[in-house]
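Asks: Before anything else, here's the structure in question.
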Amino acid sequence: MKILFLGDVVGKPGREIVSRLLPSLIEQEGIHFTIANCENVAGGKGVHPRGAQELLGAGVDLLTSGNHIWQRPEIIAYMRDSDVLLRPANYPPGVPGFGYTTKPSRCGVPVCVINLSGRVFMDAVDCPFQVAERLVTKLRSQASVIVVDMHAEATSEKLAMGWFLDGRVSAVLGTHTHVQTADGRVLPGGTAYMTDVGMCGPVDSVIGVRRDQVIERFLTKMRVKFEVAAGRCQVQGAIVEVDEESGRARSLRRIARGLDEA
């Protein structure tokens, strides 16, 4: 089976390019299950229900998030009732929403997805490694195909998680930095790994934000309001081919499609 994992979808341009390209991408590549990180769909930071529904309507099967998930308070009620949008599983007990779930794929094989947040240069949350250990041990009896969204800043923390779970999950795929890395591979134990799958949104930007505003912040160190950039957009991510019975990854391929005007 083939799993498509899309990088952080940024603002309206990101939503629009995903809605435009995803249906044909699913058909052309023979995708059985699509995951997208959506923590920046609402104006570049946070998630609103409308944005989540827009991506689900475009063909995304499951949404993951990260440290910006609570930026829009209206998403809290939505997450209490739905498990199609995950928040990091290593948030404290009692936090609304779900950190993992299992959904059927188009070929009938169940896919389990776990959302984790890193701690290096990030908010103080529970240890992602210990939470991953508990969840993977529990979930391997429910599904052979397990995909982990490791939402983290530090490349070392992401890579460590890949090696930590090698042979026990199908894929560990990094999000958060919005810059697609070139280190995608299948680790010796059969786990597909990539430090960051990239971003869906405006290319001529600084990780999705208007470059003039980011440059001004760096030059002056003064507070500058950030806005999502316009212009050429791209869908970035990775396609992982997985053996349905064993859950071992056969291959991982980076994708980058489209440079349209948003």
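The way I read the labels, and the way they are meant: chains A, B, ... in the order of the structure tokens, residue 1 as the first residue of every chain, and ligand 1 as the first ligand shown, with later ones counted on from there.
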Apply DSSP to the structure's backbone, then extract all residues of stretch 37-194 of chain A labelled strand (DSSP E or B) and return them as a ChimeraX atom specification.

Replies: /A:37,40,62-64,85-86,98,100-104,110-117,145-151,171-175,185-186,192-194

Asks: Can I get the selection written as a short mmCIF file (atom, residue, chain, number, x, y, z; two decimals), in the first residue's frame, with N, CA, C and O atoms?

Replies:
data_model
loop_
_atom_site.label_atom_id
_atom_site.label_comp_id
_atom_site.auth_asym_id
_atom_site.auth_seq_id
_atom_site.Cartn_x
_atom_site.Cartn_y
_atom_site.Cartn_z
N ASN A 37 -0.19 17.48 7.85
CA ASN A 37 -0.07 18.30 9.05
C ASN A 37 -0.73 19.64 8.79
O ASN A 37 -0.38 20.33 7.83
N ASN A 40 -0.95 24.96 10.67
CA ASN A 40 -0.79 26.35 10.23
C ASN A 40 -1.82 26.77 9.18
O ASN A 40 -1.60 27.73 8.45
N LEU A 62 -6.54 11.96 7.22
CA LEU A 62 -6.28 12.24 8.63
C LEU A 62 -5.36 13.45 8.74
O LEU A 62 -4.41 13.60 7.98
N LEU A 63 -5.65 14.30 9.73
CA LEU A 63 -4.87 15.52 9.96
C LEU A 63 -4.07 15.40 11.25
O LEU A 63 -4.59 14.95 12.27
N THR A 64 -2.82 15.82 11.19
CA THR A 64 -1.99 15.90 12.39
C THR A 64 -1.69 17.38 12.66
O THR A 64 -2.00 18.25 11.86
N LEU A 85 -8.61 14.89 13.45
CA LEU A 85 -7.56 15.89 13.68
C LEU A 85 -6.87 15.54 14.99
O LEU A 85 -7.47 15.63 16.06
N LEU A 86 -5.59 15.16 14.90
CA LEU A 86 -4.84 14.77 16.09
C LEU A 86 -4.07 15.95 16.65
O LEU A 86 -3.69 16.87 15.94
N PHE A 98 -7.33 13.84 20.59
CA PHE A 98 -6.69 12.53 20.56
C PHE A 98 -5.27 12.66 20.01
O PHE A 98 -5.03 13.42 19.07
N TYR A 100 -3.58 9.88 18.94
CA TYR A 100 -3.39 8.79 17.98
C TYR A 100 -4.75 8.24 17.60
O TYR A 100 -5.74 8.43 18.32
N THR A 101 -4.81 7.56 16.49
CA THR A 101 -6.05 6.93 16.05
C THR A 101 -5.73 5.91 14.98
O THR A 101 -4.64 5.92 14.41
N THR A 102 -6.68 5.04 14.68
CA THR A 102 -6.56 4.06 13.62
C THR A 102 -7.73 4.23 12.67
O THR A 102 -8.88 4.26 13.10
N LYS A 103 -7.42 4.33 11.36
CA LYS A 103 -8.44 4.54 10.35
C LYS A 103 -8.25 3.53 9.21
O LYS A 103 -7.13 3.11 8.93
N PRO A 104 -9.35 3.16 8.53
CA PRO A 104 -9.22 2.27 7.37
C PRO A 104 -8.65 3.01 6.17
O PRO A 104 -8.94 4.19 5.96
N PRO A 110 -6.02 -1.22 7.91
CA PRO A 110 -6.05 -0.14 8.90
C PRO A 110 -4.69 0.53 9.03
O PRO A 110 -3.64 -0.12 8.98
N VAL A 111 -4.71 1.84 9.18
CA VAL A 111 -3.50 2.63 9.36
C VAL A 111 -3.59 3.35 10.70
O VAL A 111 -4.56 4.07 10.95
N CYS A 112 -2.62 3.14 11.54
CA CYS A 112 -2.56 3.83 12.83
C CYS A 112 -1.60 5.01 12.71
O CYS A 112 -0.50 4.87 12.18
N VAL A 113 -2.02 6.16 13.19
CA VAL A 113 -1.19 7.37 13.13
C VAL A 113 -1.00 7.90 14.55
O VAL A 113 -1.97 8.03 15.31
N ILE A 114 0.25 8.18 14.89
CA ILE A 114 0.61 8.76 16.19
C ILE A 114 1.22 10.13 15.96
O ILE A 114 2.10 10.29 15.12
N ASN A 115 0.76 11.12 16.70
CA ASN A 115 1.26 12.49 16.60
C ASN A 115 2.08 12.79 17.85
O ASN A 115 1.60 12.64 18.97
N LEU A 116 3.35 13.20 17.67
CA LEU A 116 4.22 13.50 18.79
C LEU A 116 4.81 14.90 18.63
O LEU A 116 4.99 15.38 17.51
N SER A 117 5.14 15.53 19.74
CA SER A 117 5.82 16.82 19.73
C SER A 117 7.19 16.67 20.38
O SER A 117 7.33 16.03 21.43
N VAL A 145 0.42 -1.41 10.26
CA VAL A 145 0.92 -0.19 9.64
C VAL A 145 0.75 0.97 10.62
O VAL A 145 -0.37 1.35 10.98
N ILE A 146 1.87 1.52 11.09
CA ILE A 146 1.87 2.61 12.06
C ILE A 146 2.75 3.73 11.52
O ILE A 146 3.92 3.51 11.18
N VAL A 147 2.20 4.94 11.46
CA VAL A 147 2.93 6.12 10.98
C VAL A 147 3.02 7.13 12.11
O VAL A 147 2.02 7.42 12.77
N VAL A 148 4.22 7.68 12.32
CA VAL A 148 4.45 8.66 13.39
C VAL A 148 4.79 10.01 12.77
O VAL A 148 5.71 10.12 11.95
N ASP A 149 4.03 11.05 13.15
CA ASP A 149 4.38 12.43 12.82
C ASP A 149 5.19 12.97 13.99
O ASP A 149 4.66 13.21 15.08
N MET A 150 6.49 13.15 13.78
CA MET A 150 7.38 13.69 14.81
C MET A 150 7.54 15.19 14.55
O MET A 150 8.35 15.62 13.73
N HIS A 151 6.73 15.97 15.26
CA HIS A 151 6.68 17.42 15.05
C HIS A 151 7.70 18.06 15.98
O HIS A 151 7.46 18.23 17.18
N ALA A 171 6.75 4.17 9.59
CA ALA A 171 7.40 5.42 9.20
C ALA A 171 7.46 6.39 10.36
O ALA A 171 6.52 6.46 11.17
N VAL A 172 8.56 7.13 10.44
CA VAL A 172 8.69 8.29 11.32
C VAL A 172 9.01 9.47 10.41
O VAL A 172 10.08 9.52 9.79
N LEU A 173 8.07 10.40 10.30
CA LEU A 173 8.19 11.51 9.37
C LEU A 173 8.13 12.84 10.11
O LEU A 173 7.23 13.06 10.92
N GLY A 174 9.10 13.69 9.86
CA GLY A 174 9.21 14.93 10.60
C GLY A 174 8.44 16.08 9.98
O GLY A 174 8.32 16.20 8.76
N THR A 175 7.89 16.94 10.86
CA THR A 175 7.22 18.16 10.45
C THR A 175 7.69 19.30 11.33
O THR A 175 8.52 19.11 12.22
N ARG A 185 14.85 7.86 3.67
CA ARG A 185 15.36 6.51 3.43
C ARG A 185 14.57 5.52 4.27
O ARG A 185 13.77 5.90 5.13
N VAL A 186 14.83 4.24 4.04
CA VAL A 186 14.28 3.19 4.88
C VAL A 186 15.40 2.69 5.77
O VAL A 186 16.45 2.22 5.29
N ALA A 192 10.53 3.71 7.44
CA ALA A 192 10.84 4.84 6.57
C ALA A 192 11.05 6.08 7.43
O ALA A 192 10.31 6.32 8.38
N TYR A 193 12.08 6.86 7.08
CA TYR A 193 12.41 8.04 7.89
C TYR A 193 12.73 9.22 6.99
O TYR A 193 13.39 9.09 5.95
N MET A 194 12.29 10.42 7.42
CA MET A 194 12.65 11.68 6.76
C MET A 194 12.57 12.77 7.80
O MET A 194 11.58 12.89 8.53
#

Asks: Quick one: DSSP helix (DSSP H, G or I) residues in stretch 56-230 of chain A, as JSON, numbers by chain?

Replies: {"A": [56, 57, 58, 75, 76, 77, 78, 79, 80, 81, 128, 129, 130, 131, 132, 133, 134, 135, 136, 137, 138, 139, 155, 156, 157, 158, 159, 160, 161, 162, 163, 164, 165, 211, 212, 213, 214, 215, 216, 217, 218, 219, 220]}

Asks: Sorted by chain and rising residue number, list the residues of stretch 179-248 of chain A at most 12 Å from stretch 127-142 of chain A (counting only C-alpha atoms), each with its closest atom pair and distance in Å to one decimal, as a Markdown table.

Replies:
| residue | atom | partner | partner_atom | distance |
| --- | --- | --- | --- | --- |
| A:Glu245 | CA | A:Arg140 | CA | 11.9 |
| A:Ser246 | CA | A:Arg140 | CA | 10.6 |
| A:Gly247 | CA | A:Arg140 | CA | 9.6 |

Asks: List as a list in words the protein and nucleic acid residues near A:Asp212, meaning an atom at most 12 Å away when only C-alpha atoms are counted, but skip any in the same chain fewer than 2 places from it.

Replies: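 In the requested format, the answer is Asp204, Ser205, Val206, Gly208, Val209, Arg210, Val214, Ile215, Glu216, Arg217, Phe218, Leu219, Val224, Lys225, Phe226, Glu227, Val228 and Ala229 of chain A.
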
Asks: Counting only C-alpha atoms, what is within 7 Å of A:Thr34, bar same-chain residues fewer than 3 positions away, as a PyMOL selection string?

Replies: chain A and resi 3-5+60-62

Asks: Tell me which protein, DNA and RNA residues are within 12 Å of stretch 47-51 of chain A, counting only C-alpha atoms, leaving out same-chain ones fewer than 4 positions away, and put them as a PyMOL selection string.

Replies: chain A and resi 8-16+18-19+37-43+55-58+60+63-82+84-87

Asks: Based on the selection just made, write N, CA and C atoms of those residues as a compact mmCIF listing (two decimals), in the first residue's frame.

Replies:
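So selection-v1.txt came out as:
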# COMPACT_ATOMS: atom_id res chain seq x y z
N ASP A 8 3.53 20.55 6.45
CA ASP A 8 2.69 21.58 7.06
C ASP A 8 1.98 22.43 6.00
N VAL A 9 0.65 22.46 6.07
CA VAL A 9 -0.16 23.25 5.14
C VAL A 9 -0.29 24.66 5.71
N VAL A 10 0.18 25.65 4.95
CA VAL A 10 0.27 27.01 5.47
C VAL A 10 -0.77 27.93 4.85
N GLY A 11 -1.71 28.38 5.68
CA GLY A 11 -2.68 29.39 5.30
C GLY A 11 -3.57 29.04 4.12
N LYS A 12 -4.25 30.06 3.61
CA LYS A 12 -5.15 29.87 2.48
C LYS A 12 -4.42 29.39 1.23
N PRO A 13 -3.22 29.92 0.91
CA PRO A 13 -2.51 29.41 -0.26
C PRO A 13 -2.20 27.91 -0.15
N GLY A 14 -1.84 27.46 1.04
CA GLY A 14 -1.57 26.04 1.24
C GLY A 14 -2.81 25.20 1.07
N ARG A 15 -3.93 25.66 1.64
CA ARG A 15 -5.19 24.92 1.51
C ARG A 15 -5.60 24.83 0.04
N GLU A 16 -5.44 25.94 -0.67
CA GLU A 16 -5.87 25.97 -2.07
C GLU A 16 -5.02 25.06 -2.96
N VAL A 18 -3.34 22.41 -2.04
CA VAL A 18 -3.65 21.02 -1.70
C VAL A 18 -4.98 20.61 -2.33
N SER A 19 -5.99 21.46 -2.21
CA SER A 19 -7.30 21.14 -2.79
C SER A 19 -7.22 20.98 -4.30
N ASN A 37 -0.19 17.48 7.85
CA ASN A 37 -0.07 18.30 9.05
C ASN A 37 -0.73 19.64 8.79
N CYS A 38 -1.67 20.02 9.64
CA CYS A 38 -2.50 21.21 9.36
C CYS A 38 -2.39 22.30 10.41
N GLU A 39 -1.35 22.30 11.23
CA GLU A 39 -1.33 23.23 12.37
C GLU A 39 -1.18 24.69 11.97
N ASN A 40 -0.95 24.96 10.67
CA ASN A 40 -0.79 26.35 10.23
C ASN A 40 -1.82 26.77 9.18
N VAL A 41 -2.94 26.05 9.08
CA VAL A 41 -3.90 26.35 8.01
C VAL A 41 -4.66 27.65 8.23
N ALA A 42 -4.77 28.10 9.46
CA ALA A 42 -5.54 29.31 9.77
C ALA A 42 -4.62 30.53 9.81
N GLY A 43 -4.48 31.19 8.68
CA GLY A 43 -3.67 32.40 8.63
C GLY A 43 -2.21 32.18 8.94
N LEU A 55 -9.50 20.60 4.00
CA LEU A 55 -8.49 19.61 3.65
C LEU A 55 -9.07 18.19 3.60
N LEU A 56 -9.95 17.89 4.54
CA LEU A 56 -10.60 16.58 4.52
C LEU A 56 -11.45 16.42 3.27
N GLY A 57 -12.12 17.49 2.86
CA GLY A 57 -12.92 17.44 1.66
C GLY A 57 -12.10 17.29 0.39
N ALA A 58 -10.83 17.69 0.46
CA ALA A 58 -9.95 17.59 -0.71
C ALA A 58 -9.38 16.18 -0.88
N VAL A 60 -7.78 14.42 2.05
CA VAL A 60 -6.93 14.02 3.17
C VAL A 60 -7.75 13.11 4.10
N LEU A 63 -5.65 14.30 9.73
CA LEU A 63 -4.87 15.52 9.96
C LEU A 63 -4.07 15.40 11.25
N THR A 64 -2.82 15.82 11.19
CA THR A 64 -1.99 15.90 12.39
C THR A 64 -1.69 17.38 12.66
N SER A 65 -1.07 17.66 13.81
CA SER A 65 -0.81 19.05 14.17
C SER A 65 0.49 19.14 14.96
N GLY A 66 0.56 20.14 15.86
CA GLY A 66 1.78 20.34 16.63
C GLY A 66 1.58 21.41 17.68
N ASN A 67 2.63 22.18 17.93
CA ASN A 67 2.63 23.12 19.04
C ASN A 67 1.71 24.33 18.82
N HIS A 68 1.24 24.56 17.59
CA HIS A 68 0.34 25.68 17.34
C HIS A 68 -1.14 25.28 17.37
N ILE A 69 -1.44 24.07 17.78
CA ILE A 69 -2.80 23.56 17.68
C ILE A 69 -3.81 24.38 18.48
N TRP A 70 -3.40 24.98 19.59
CA TRP A 70 -4.36 25.71 20.43
C TRP A 70 -4.41 27.20 20.10
N GLN A 71 -3.79 27.63 19.00
CA GLN A 71 -3.75 29.05 18.67
C GLN A 71 -5.15 29.62 18.42
N ARG A 72 -6.05 28.80 17.87
CA ARG A 72 -7.43 29.23 17.60
C ARG A 72 -8.36 28.51 18.57
N PRO A 73 -8.97 29.21 19.51
CA PRO A 73 -9.78 28.55 20.54
C PRO A 73 -10.98 27.79 19.98
N GLU A 74 -11.46 28.17 18.79
CA GLU A 74 -12.64 27.50 18.23
C GLU A 74 -12.36 26.06 17.83
N ILE A 75 -11.09 25.67 17.78
CA ILE A 75 -10.77 24.30 17.39
C ILE A 75 -10.96 23.33 18.55
N ILE A 76 -11.04 23.83 19.78
CA ILE A 76 -11.10 22.96 20.95
C ILE A 76 -12.37 22.11 20.94
N ALA A 77 -13.52 22.71 20.72
CA ALA A 77 -14.77 21.96 20.68
C ALA A 77 -14.77 20.96 19.54
N TYR A 78 -14.20 21.35 18.41
CA TYR A 78 -14.12 20.46 17.24
C TYR A 78 -13.32 19.20 17.59
N MET A 79 -12.23 19.38 18.31
CA MET A 79 -11.35 18.25 18.62
C MET A 79 -11.93 17.33 19.69
N ARG A 80 -12.80 17.87 20.52
CA ARG A 80 -13.43 17.02 21.54
C ARG A 80 -14.32 15.96 20.90
N ASP A 81 -14.87 16.25 19.74
CA ASP A 81 -15.84 15.36 19.11
C ASP A 81 -15.28 14.58 17.93
N SER A 82 -14.06 14.84 17.52
CA SER A 82 -13.55 14.24 16.29
C SER A 82 -12.14 13.69 16.48
N VAL A 84 -10.37 12.88 13.64
CA VAL A 84 -9.72 13.03 12.34
C VAL A 84 -8.67 14.13 12.36
N LEU A 85 -8.61 14.89 13.45
CA LEU A 85 -7.56 15.89 13.68
C LEU A 85 -6.87 15.54 14.99
N LEU A 86 -5.59 15.16 14.90
CA LEU A 86 -4.84 14.77 16.09
C LEU A 86 -4.07 15.95 16.65
N ARG A 87 -3.82 15.89 17.96
CA ARG A 87 -2.87 16.78 18.61
C ARG A 87 -1.76 15.88 19.17

Asks: If I take atom CA of A:Ser170 and atom CA of A:Ala182, how far is one from the other in Å, to one decimal?

Replies: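 Between these atoms lies a distance of 18.9 Å.
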
Asks: For a test of reading the model, state the distance in Å between atom CA of A:Val169 and atom CA of A:Asp126, rounded to one decimal.

Replies: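 Separating atom CA of A:Val169 from atom CA of A:Asp126 is a distance of 20.4 Å.
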
Asks: Let me make sure I understand: among A:Gly30, A:Pro92, A:Gly108, A:Gly184, which one has the smallest atom-to-atom distance to A:Ala124 if we use only C-alpha atoms?

Replies: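 Looking at the shortest contact to A:Ala124, the residue is A:Pro92.
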
Asks: How many Å separate atom CA of A:Thr181 from atom CA of A:Lys158?

Replies: 12.1 Å

Asks: Go through A:Ser105, A:Thr177, A:Gln234, A:Thr195 and flag the residue nearest A:Ala160, using only C-alpha atoms for the distances.

Replies: A:Thr195

Asks: Taking into account only C-alpha atoms, which residue in the set A:Gly190, A:Lys2, A:Gly118, A:Ser24 is nearest to A:Glu157?

Replies: A:Gly118
